[in-house]
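> What follows is target.cif, made up of mmCIF, C-alpha atoms:
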```cif
data_query
loop_
_atom_site.label_atom_id
_atom_site.label_comp_id
_atom_site.auth_asym_id
_atom_site.auth_seq_id
_atom_site.Cartn_x
_atom_site.Cartn_y
_atom_site.Cartn_z
CA MET G 1 36.41 16.45 20.38
CA VAL G 2 36.10 13.63 17.85
CA ALA G 3 32.66 12.96 16.41
CA THR G 4 31.65 9.33 16.54
CA LYS G 5 30.31 7.80 13.36
CA LYS G 6 26.91 6.18 13.56
CA LYS G 7 26.73 2.63 12.30
CA ASN G 8 24.03 2.03 9.75
CA LYS G 9 22.16 -1.23 9.48
CA PRO G 10 23.68 -3.42 6.77
CA LEU G 11 21.74 -3.57 3.51
CA VAL G 12 22.80 -7.14 2.91
CA THR G 13 22.34 -10.02 5.29
CA GLN G 14 23.55 -13.55 4.94
CA THR G 15 21.47 -16.58 5.72
CA ARG G 16 22.91 -20.02 5.31
CA CYS G 17 20.94 -22.68 3.46
CA THR G 18 21.55 -25.79 1.41
CA ALA G 19 22.85 -25.54 -2.15
CA HIS G 20 19.52 -26.88 -3.38
CA ALA G 21 17.57 -24.20 -1.47
CA GLN G 22 19.91 -21.54 -2.86
CA LYS G 23 19.17 -22.65 -6.44
CA GLU G 24 15.42 -22.76 -5.79
CA ILE G 25 15.38 -19.29 -4.19
CA LYS G 26 17.38 -17.89 -7.11
CA ALA G 27 15.02 -19.50 -9.63
CA LEU G 28 11.96 -18.22 -7.74
CA SER G 29 13.40 -14.70 -7.59
CA GLU G 30 13.92 -14.76 -11.36
CA ARG G 31 10.37 -16.02 -12.01
CA LEU G 32 8.91 -13.34 -9.73
CA PHE G 33 11.00 -10.66 -11.44
CA LYS G 34 9.78 -11.85 -14.82
CA LYS G 35 6.12 -11.86 -13.70
CA TYR G 36 6.20 -8.62 -11.69
CA GLY G 37 8.83 -6.62 -13.59
CA LYS G 38 6.87 -3.35 -13.64
CA GLU G 39 6.09 -3.66 -9.95
CA HIS G 40 9.76 -4.31 -9.11
CA ALA G 41 10.69 -1.17 -11.06
CA ALA G 42 8.02 0.88 -9.27
CA LEU G 43 9.57 -0.15 -5.94
CA GLY G 44 13.10 0.61 -7.17
CA ILE G 45 14.19 -3.03 -7.47
CA LYS G 46 16.27 -3.34 -10.65
CA THR G 47 17.17 -7.04 -10.67
CA ALA G 48 15.80 -10.34 -9.42
CA SER G 49 16.17 -10.39 -5.64
CA SER G 50 16.36 -13.26 -3.18
CA LYS G 51 14.81 -10.91 -0.59
CA VAL G 52 11.63 -10.79 -2.67
CA ALA G 53 11.66 -14.59 -3.09
CA VAL G 54 12.08 -15.22 0.64
CA ASP G 55 9.33 -12.70 1.45
CA ALA G 56 7.07 -14.45 -1.08
CA LEU G 57 7.72 -17.78 0.63
CA LEU G 58 6.90 -16.23 4.00
CA TYR G 59 3.72 -14.68 2.58
CA TRP G 60 2.54 -17.98 1.09
CA SER G 61 3.38 -19.81 4.30
CA ALA G 62 1.40 -17.31 6.36
CA SER G 63 -1.50 -17.52 3.89
CA ALA G 64 -1.55 -21.29 4.30
CA GLY G 65 -1.63 -20.92 8.09
CA MET G 66 1.80 -22.46 8.50
CA LEU G 67 3.58 -19.39 9.87
CA ASN G 68 3.19 -18.63 13.56
CA GLY G 69 4.94 -15.33 13.94
CA LYS G 70 4.35 -11.65 13.72
CA PRO G 71 1.68 -10.64 11.21
CA LEU G 72 2.97 -9.72 7.77
CA ASN G 73 2.20 -6.31 6.29
CA ASP G 74 3.53 -3.91 3.69
CA LYS G 75 6.08 -2.56 6.18
CA ASN G 76 7.82 -5.90 6.78
CA ASN G 77 7.28 -7.82 3.53
CA ILE G 78 8.41 -6.68 0.06
CA PHE G 79 6.23 -9.25 -1.71
CA ILE G 80 3.07 -7.72 -0.21
CA ASN G 81 4.16 -4.40 -1.71
CA LEU G 82 4.58 -6.06 -5.12
CA LEU G 83 1.11 -7.60 -4.91
CA ALA G 84 -0.38 -4.26 -3.90
CA GLU G 85 1.39 -2.54 -6.77
CA ALA G 86 0.02 -5.20 -9.14
CA GLY G 87 -3.48 -4.73 -7.71
CA GLU G 88 -3.69 -8.35 -6.58
CA ILE G 89 -4.46 -7.47 -2.96
#
```
Output the file's structure as structure tokens, nothing else.


Amino acid sequence: MVATKKKNKPLVTQTRCTAHAQKEIKALSERLFKKYGKEHAALGIKTASSKVAVDALLYWSASAGMLNGKPLNDKNNIFINLLAEAGEI
């Protein structure tokens, strides 16, 4: 009998956006990495990450009351974990 291999969820996803949005997300990720470097390291994030930048945008949108979706928490938002690690929330 041949064992079937389980498929793991991909670690990388691709979301299409404009070239301008790509540059802004990259710049934001670098600014966040510069500001929260120790917190990134504590969470095992070694370089600036667009995932953190996108989660930050979602967090700020939810904080402003502009996001009508599932509530954000430390389980589904990396930026909330960074803020908690920094003692800002």

> Report, in Å to a single decimal, how far apart atom CA of Ala64 of chain G and atom CA of Leu43 of chain G are.

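Calculated distance between atom CA of Leu43 of chain G and atom CA of Ala64 of chain G is 26.0 Å.
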
> Since I can't run it myself right now, could you work out what the PyMOL selection byres ((chain G and resi 51) around 10) selects here and report it as a PyMOL selection string?

chain G and resi 12-13+25-26+29+48-50+52-57+77-79

> In Å, how far is it from atom CA of Leu58 of chain G to atom CA of Pro71 of chain G?

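Taking atom CA of Leu58 of chain G and atom CA of Pro71 of chain G, their separation equals 10.5 Å.
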
> Determine the nearest neighbour of Lys34 of chain G from the options G:Gly69, G:Arg16, G:Lys46, G:Ser63, counting all atoms listed in the file.

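Once distances to Lys34 of chain G are computed over all atoms listed in the file, the minimum belongs to G:Lys46.
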
> Every residue with an atom at most 8 Å from (3.2, -0.8, -3.6) (file coordinates; all atoms listed in the file) is what I'm after, so could you write them as an MDAnalysis selection string?

chainID G and resid 39 42:43 74 80:86

> Mind pulling up the distance from atom CA of His20 of chain G to atom CA of Tyr59 of chain G?

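Straight-line distance from atom CA of Tyr59 of chain G to atom CA of His20 of chain G works out to 20.8 Å.
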
> Can you tell me, as lines of an AutoDock Vina configuration file, the centre and edge lengths (Å, one decimal) of the axis-aligned box enclosing all of segment 19-25 of chain G's listed atoms after padding each side by 6 Å?


```
center_x = 19.1
center_y = -23.1
center_z = -4.0
size_x = 19.5
size_y = 19.6
size_z = 17.0
```
